[in-house]
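Here's the structure we're looking at; comments come further down.
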Amino acid sequence: MAKTLARAVDMIDSAPRFTAADVAALNARFADVDAREMLAAVLAEGLIGRAAIVSSFGAESAVLLHLVSSIDPSVPVLFLETGKHFPETLAYRDQLASQLGITDLRNLTPDADAIVKRDESGLRWSFDPDGCCEIRKVKPLAAALAGFDTTITGRKGFQSATRANLHRFEIDTSDTAGRLKINPLASWSKADLDAYVAGHNLPPHPLVDAGYLSIGCAPCTSKVLPGEDARAGRWRGWEKVECGIHVPEKPGEEPSF
């Protein structure tokens, strides 16, 4: 009688990539380590899996891009090409990518069918900015992140009250995948950024001198007025502080791990 072989059962690991304990351990280990040394360690030691930078190529983006590319210029850089950017931003993207030797710049575009169905006029930003961001930013990024375990962002605590409590390492709560999000510049001040830019001869975004201190899509970005925080010019007039790829913290509330 022929011997019956037991069939191996394929198992799909659906557990989150990172846990609160992982994040706490990383924050503790790198609490007093400077940003470049921290990034070099986590990339070299494989502590964060497959990582990508998410960059808007905005007002202060050169600092993070220089930090990471000076360690490993092959780390993918994800840019959300919404079709609504200032021409100056697109030119700045190309300038920085060339100057910093970035070898894997990925321009993420919205799904063409989604644009036809939900924003054929191109004016959704004017009456539903959340919906516009969902089509042009949130969904394209979510699709692109399927192949990554970690994103590296340029968020800083000083930019707004809803970012004041940023930690270097956190769980990405935009979905249930449990990806890691790293904010290497979380504790940097504006003076720190300016000193880094000057010390490494990095080019400024051409719109900063015109008063644009946080730069996103052109229709939803305005100049920052004296006394306002750096992100006050984003979605002015709307109760909206993030595009959806980051979850805002409430002022005075510790970020969730």
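As shown in the structure tokens, the chain order sets the letters A, B, ...; within each chain, residues go from 1, and ligands are also counted from 1 in the order they appear.
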
- request: Considering only C-alpha atoms, return as a PyMOL selection string whatever protein or nucleic-acid residues lie within 7 Å of Trp235 of chain A, sequence-local ones (same chain, fewer than 4 positions apart) excluded.
  value: chain A and resi 220-221+240

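Look at segment 72-77 of chain A: the protein and nucleic acid residues within 7 Å of it, using only C-alpha atoms and passing over chain neighbours fewer than 5 places away, are Ala51, Ala52, Ile53, Val54, Ser55, Gly101, Ile102, Thr103, Asp104, Leu105 and Arg106 of chain A.
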
message: List as a ChimeraX atom specification the protein and nucleic acid residues near Leu202 of chain A, meaning an atom at most 10 Å away when only C-alpha atoms are counted, but skip any in the same chain fewer than 5 places from it.
response: /A:62-63,66,96,99-100,194,196-197

- prompt: Can you list, as a VMD selection string, every protein, DNA or RNA residue that comes within 10 Å of Ser222 of chain A when you count only C-alpha atoms, leaving out same-chain residues fewer than 3 positions away?
  reply: chain A and resid 211 to 219 225 231 to 236

field: 8 Å contact set for Thr82 of chain A, only C-alpha atoms, chain neighbours under 5 positions out, as a PyMOL selection string
entry: chain A and resi 108-110+136-137+217

task: Calculate how many Å separate atom CA of Leu193 of chain A from atom CA of Ala24 of chain A, rounding to one decimal.
output: 26.1 Å

task: Can you check which residues of segment 18-257 of chain A DSSP gives as strand (DSSP E or B) on the backbone and send them as number ranges by chain?
output: A: 51-54, 77-80, 85, 105-108, 150-152, 169-171, 180-182, 217, 221, 234

Suppose we keep N, CA, C and O atoms; can you now write the selection as an mmCIF file, in the first residue's frame?
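result36.cif written:
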```
data_model
loop_
_atom_site.group_PDB
_atom_site.id
_atom_site.type_symbol
_atom_site.label_atom_id
_atom_site.label_comp_id
_atom_site.auth_asym_id
_atom_site.auth_seq_id
_atom_site.Cartn_x
_atom_site.Cartn_y
_atom_site.Cartn_z
ATOM 1 N N ALA A 51 13.542 49.547 3.974
ATOM 2 C CA ALA A 51 13.189 50.927 4.325
ATOM 3 C C ALA A 51 13.152 51.827 3.103
ATOM 4 O O ALA A 51 13.861 51.609 2.116
ATOM 5 N N ALA A 52 12.312 52.852 3.187
ATOM 6 C CA ALA A 52 12.229 53.870 2.141
ATOM 7 C C ALA A 52 12.024 55.228 2.791
ATOM 8 O O ALA A 52 11.410 55.331 3.859
ATOM 9 N N ILE A 53 12.552 56.253 2.164
ATOM 10 C CA ILE A 53 12.302 57.626 2.588
ATOM 11 C C ILE A 53 11.027 58.100 1.903
ATOM 12 O O ILE A 53 10.844 57.878 0.705
ATOM 13 N N VAL A 54 10.145 58.758 2.655
ATOM 14 C CA VAL A 54 8.988 59.423 2.056
ATOM 15 C C VAL A 54 9.291 60.917 2.107
ATOM 16 O O VAL A 54 9.410 61.492 3.189
ATOM 17 N N VAL A 77 13.610 56.545 -2.471
ATOM 18 C CA VAL A 77 12.962 57.797 -2.076
ATOM 19 C C VAL A 77 11.608 57.850 -2.775
ATOM 20 O O VAL A 77 11.542 57.831 -4.008
ATOM 21 N N LEU A 78 10.541 57.912 -1.997
ATOM 22 C CA LEU A 78 9.187 57.920 -2.544
ATOM 23 C C LEU A 78 8.652 59.342 -2.560
ATOM 24 O O LEU A 78 8.549 59.990 -1.519
ATOM 25 N N PHE A 79 8.314 59.824 -3.747
ATOM 26 C CA PHE A 79 7.771 61.170 -3.913
ATOM 27 C C PHE A 79 6.371 61.071 -4.482
ATOM 28 O O PHE A 79 6.153 60.439 -5.522
ATOM 29 N N LEU A 80 5.413 61.675 -3.792
ATOM 30 C CA LEU A 80 4.027 61.634 -4.243
ATOM 31 C C LEU A 80 3.798 62.712 -5.293
ATOM 32 O O LEU A 80 3.595 63.878 -4.982
ATOM 33 N N HIS A 85 1.711 69.902 -7.717
ATOM 34 C CA HIS A 85 2.858 70.551 -7.095
ATOM 35 C C HIS A 85 3.229 71.858 -7.799
ATOM 36 O O HIS A 85 2.946 72.057 -8.981
ATOM 37 N N LEU A 105 14.880 57.089 -7.046
ATOM 38 C CA LEU A 105 13.781 58.028 -6.833
ATOM 39 C C LEU A 105 12.538 57.482 -7.517
ATOM 40 O O LEU A 105 12.540 57.215 -8.722
ATOM 41 N N ARG A 106 11.464 57.312 -6.739
ATOM 42 C CA ARG A 106 10.231 56.745 -7.280
ATOM 43 C C ARG A 106 9.117 57.788 -7.199
ATOM 44 O O ARG A 106 8.754 58.239 -6.110
ATOM 45 N N ASN A 107 8.585 58.173 -8.338
ATOM 46 C CA ASN A 107 7.505 59.145 -8.414
ATOM 47 C C ASN A 107 6.178 58.392 -8.423
ATOM 48 O O ASN A 107 5.861 57.687 -9.381
ATOM 49 N N LEU A 108 5.426 58.531 -7.336
ATOM 50 C CA LEU A 108 4.169 57.799 -7.186
ATOM 51 C C LEU A 108 3.019 58.668 -7.681
ATOM 52 O O LEU A 108 2.803 59.769 -7.174
ATOM 53 N N THR A 150 9.525 49.784 6.684
ATOM 54 C CA THR A 150 9.790 51.019 7.426
ATOM 55 C C THR A 150 9.801 52.217 6.492
ATOM 56 O O THR A 150 10.287 52.127 5.361
ATOM 57 N N THR A 151 9.259 53.330 6.985
ATOM 58 C CA THR A 151 9.406 54.591 6.269
ATOM 59 C C THR A 151 10.218 55.555 7.128
ATOM 60 O O THR A 151 10.117 55.554 8.351
ATOM 61 N N ILE A 152 11.022 56.363 6.467
ATOM 62 C CA ILE A 152 11.837 57.377 7.129
ATOM 63 C C ILE A 152 11.280 58.730 6.709
ATOM 64 O O ILE A 152 11.180 59.020 5.509
ATOM 65 N N PHE A 169 11.146 56.850 16.861
ATOM 66 C CA PHE A 169 10.579 55.614 16.321
ATOM 67 C C PHE A 169 9.130 55.507 16.773
ATOM 68 O O PHE A 169 8.807 55.781 17.935
ATOM 69 N N GLU A 170 8.254 55.107 15.860
ATOM 70 C CA GLU A 170 6.850 54.918 16.185
ATOM 71 C C GLU A 170 6.246 53.905 15.231
ATOM 72 O O GLU A 170 6.814 53.594 14.181
ATOM 73 N N ILE A 171 5.098 53.385 15.607
ATOM 74 C CA ILE A 171 4.352 52.503 14.721
ATOM 75 C C ILE A 171 3.544 53.360 13.758
ATOM 76 O O ILE A 171 2.906 54.338 14.150
ATOM 77 N N LEU A 180 7.153 50.294 10.724
ATOM 78 C CA LEU A 180 7.877 51.233 11.569
ATOM 79 C C LEU A 180 7.968 52.572 10.845
ATOM 80 O O LEU A 180 8.094 52.622 9.613
ATOM 81 N N LYS A 181 7.879 53.638 11.609
ATOM 82 C CA LYS A 181 8.091 54.974 11.061
ATOM 83 C C LYS A 181 9.215 55.621 11.861
ATOM 84 O O LYS A 181 9.185 55.621 13.100
ATOM 85 N N ILE A 182 10.224 56.126 11.164
ATOM 86 C CA ILE A 182 11.363 56.754 11.826
ATOM 87 C C ILE A 182 11.362 58.244 11.505
ATOM 88 O O ILE A 182 11.244 58.639 10.338
ATOM 89 N N CYS A 217 1.106 70.669 -2.042
ATOM 90 C CA CYS A 217 0.488 70.958 -3.330
ATOM 91 C C CYS A 217 0.168 72.453 -3.424
ATOM 92 O O CYS A 217 -0.231 73.083 -2.433
ATOM 93 N N THR A 221 -1.398 75.333 -0.381
ATOM 94 C CA THR A 221 -0.236 75.876 0.326
ATOM 95 C C THR A 221 -0.226 77.388 0.198
ATOM 96 O O THR A 221 -0.343 77.920 -0.911
ATOM 97 N N ARG A 234 -0.609 75.413 5.419
ATOM 98 C CA ARG A 234 -1.138 74.215 4.760
ATOM 99 C C ARG A 234 -2.638 74.106 5.022
ATOM 100 O O ARG A 234 -3.081 74.165 6.153
#
```

message: So that I can see what lies close to Asp130 of chain A, please list as a ChimeraX atom specification the residues with an atom at most 7 Å from it, counting only C-alpha atoms and leaving out residues fewer than 3 positions away in the same chain.
response: /A:133-134,243

- prompt: What gap, in Å, lies between atom CA of Ala114 of chain A and atom CA of Gly131 of chain A?
  reply: 11.0 Å

message: Give me, as a PyMOL selection string, the residues of segment 40-243 of chain A that a backbone DSSP run labels alpha helix (DSSP H).
response: chain A and resi 40-44+61-71+87-100+112-118+129-133+139-144+190-199

Export of prior selection with C-alpha atoms as a PDB file, in the first residue's frame:
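The file below, result-v4.pdb, is the result:
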```
ATOM      1  CA  ALA A  40      23.769  54.276   9.893  1.00  0.00           C
ATOM      2  CA  ALA A  41      23.269  51.694  12.644  1.00  0.00           C
ATOM      3  CA  VAL A  42      19.689  50.706  11.871  1.00  0.00           C
ATOM      4  CA  LEU A  43      20.429  50.436   8.143  1.00  0.00           C
ATOM      5  CA  ALA A  44      23.683  48.489   8.574  1.00  0.00           C
ATOM      6  CA  SER A  61      13.643  68.065   2.807  1.00  0.00           C
ATOM      7  CA  ALA A  62      17.287  68.450   1.810  1.00  0.00           C
ATOM      8  CA  VAL A  63      18.468  67.696   5.352  1.00  0.00           C
ATOM      9  CA  LEU A  64      16.904  64.237   5.650  1.00  0.00           C
ATOM     10  CA  LEU A  65      17.745  63.343   2.066  1.00  0.00           C
ATOM     11  CA  HIS A  66      21.376  64.327   2.595  1.00  0.00           C
ATOM     12  CA  LEU A  67      21.585  62.412   5.893  1.00  0.00           C
ATOM     13  CA  VAL A  68      20.333  59.161   4.391  1.00  0.00           C
ATOM     14  CA  SER A  69      22.001  59.420   0.986  1.00  0.00           C
ATOM     15  CA  SER A  70      25.367  60.087   2.625  1.00  0.00           C
ATOM     16  CA  ILE A  71      24.999  56.684   4.302  1.00  0.00           C
ATOM     17  CA  PRO A  87       6.813  73.803 -10.696  1.00  0.00           C
ATOM     18  CA  GLU A  88       9.551  74.959  -8.320  1.00  0.00           C
ATOM     19  CA  THR A  89       9.110  71.792  -6.248  1.00  0.00           C
ATOM     20  CA  LEU A  90       9.494  69.507  -9.253  1.00  0.00           C
ATOM     21  CA  ALA A  91      12.642  71.342 -10.331  1.00  0.00           C
ATOM     22  CA  TYR A  92      13.988  71.169  -6.767  1.00  0.00           C
ATOM     23  CA  ARG A  93      13.296  67.420  -6.661  1.00  0.00           C
ATOM     24  CA  ASP A  94      15.382  66.876  -9.768  1.00  0.00           C
ATOM     25  CA  GLN A  95      18.156  69.166  -8.518  1.00  0.00           C
ATOM     26  CA  LEU A  96      18.452  67.434  -5.148  1.00  0.00           C
ATOM     27  CA  ALA A  97      18.267  63.929  -6.581  1.00  0.00           C
ATOM     28  CA  SER A  98      21.144  64.749  -8.920  1.00  0.00           C
ATOM     29  CA  GLN A  99      23.253  66.635  -6.385  1.00  0.00           C
ATOM     30  CA  LEU A 100      22.870  64.008  -3.646  1.00  0.00           C
ATOM     31  CA  ALA A 112      -5.910  57.336 -13.504  1.00  0.00           C
ATOM     32  CA  ASP A 113      -9.331  55.697 -13.105  1.00  0.00           C
ATOM     33  CA  ALA A 114      -9.701  57.124  -9.600  1.00  0.00           C
ATOM     34  CA  ILE A 115      -8.962  60.603 -10.920  1.00  0.00           C
ATOM     35  CA  VAL A 116     -11.588  60.238 -13.646  1.00  0.00           C
ATOM     36  CA  LYS A 117     -14.206  58.943 -11.230  1.00  0.00           C
ATOM     37  CA  ARG A 118     -13.595  61.269  -8.294  1.00  0.00           C
ATOM     38  CA  PRO A 129      -9.282  68.374   0.556  1.00  0.00           C
ATOM     39  CA  ASP A 130      -9.340  65.101   2.499  1.00  0.00           C
ATOM     40  CA  GLY A 131     -10.777  63.310  -0.519  1.00  0.00           C
ATOM     41  CA  CYS A 132      -8.218  64.917  -2.807  1.00  0.00           C
ATOM     42  CA  CYS A 133      -5.371  63.830  -0.541  1.00  0.00           C
ATOM     43  CA  LYS A 139      -3.745  55.473  -1.753  1.00  0.00           C
ATOM     44  CA  PRO A 140      -0.676  55.746  -4.032  1.00  0.00           C
ATOM     45  CA  LEU A 141       1.617  55.605  -1.004  1.00  0.00           C
ATOM     46  CA  ALA A 142      -0.270  52.694   0.552  1.00  0.00           C
ATOM     47  CA  ALA A 143       0.169  50.702  -2.650  1.00  0.00           C
ATOM     48  CA  ALA A 144       3.878  51.516  -2.851  1.00  0.00           C
ATOM     49  CA  LYS A 190      15.041  75.340  13.043  1.00  0.00           C
ATOM     50  CA  ALA A 191      18.529  76.489  14.057  1.00  0.00           C
ATOM     51  CA  ASP A 192      19.787  72.892  13.843  1.00  0.00           C
ATOM     52  CA  LEU A 193      18.378  72.548  10.334  1.00  0.00           C
ATOM     53  CA  ASP A 194      19.825  75.866   9.184  1.00  0.00           C
ATOM     54  CA  ALA A 195      23.251  74.940  10.559  1.00  0.00           C
ATOM     55  CA  TYR A 196      23.162  71.577   8.775  1.00  0.00           C
ATOM     56  CA  VAL A 197      22.129  73.153   5.479  1.00  0.00           C
ATOM     57  CA  ALA A 198      24.910  75.731   5.711  1.00  0.00           C
ATOM     58  CA  GLY A 199      27.502  73.173   6.812  1.00  0.00           C
TER      59      GLY A 199
END
```
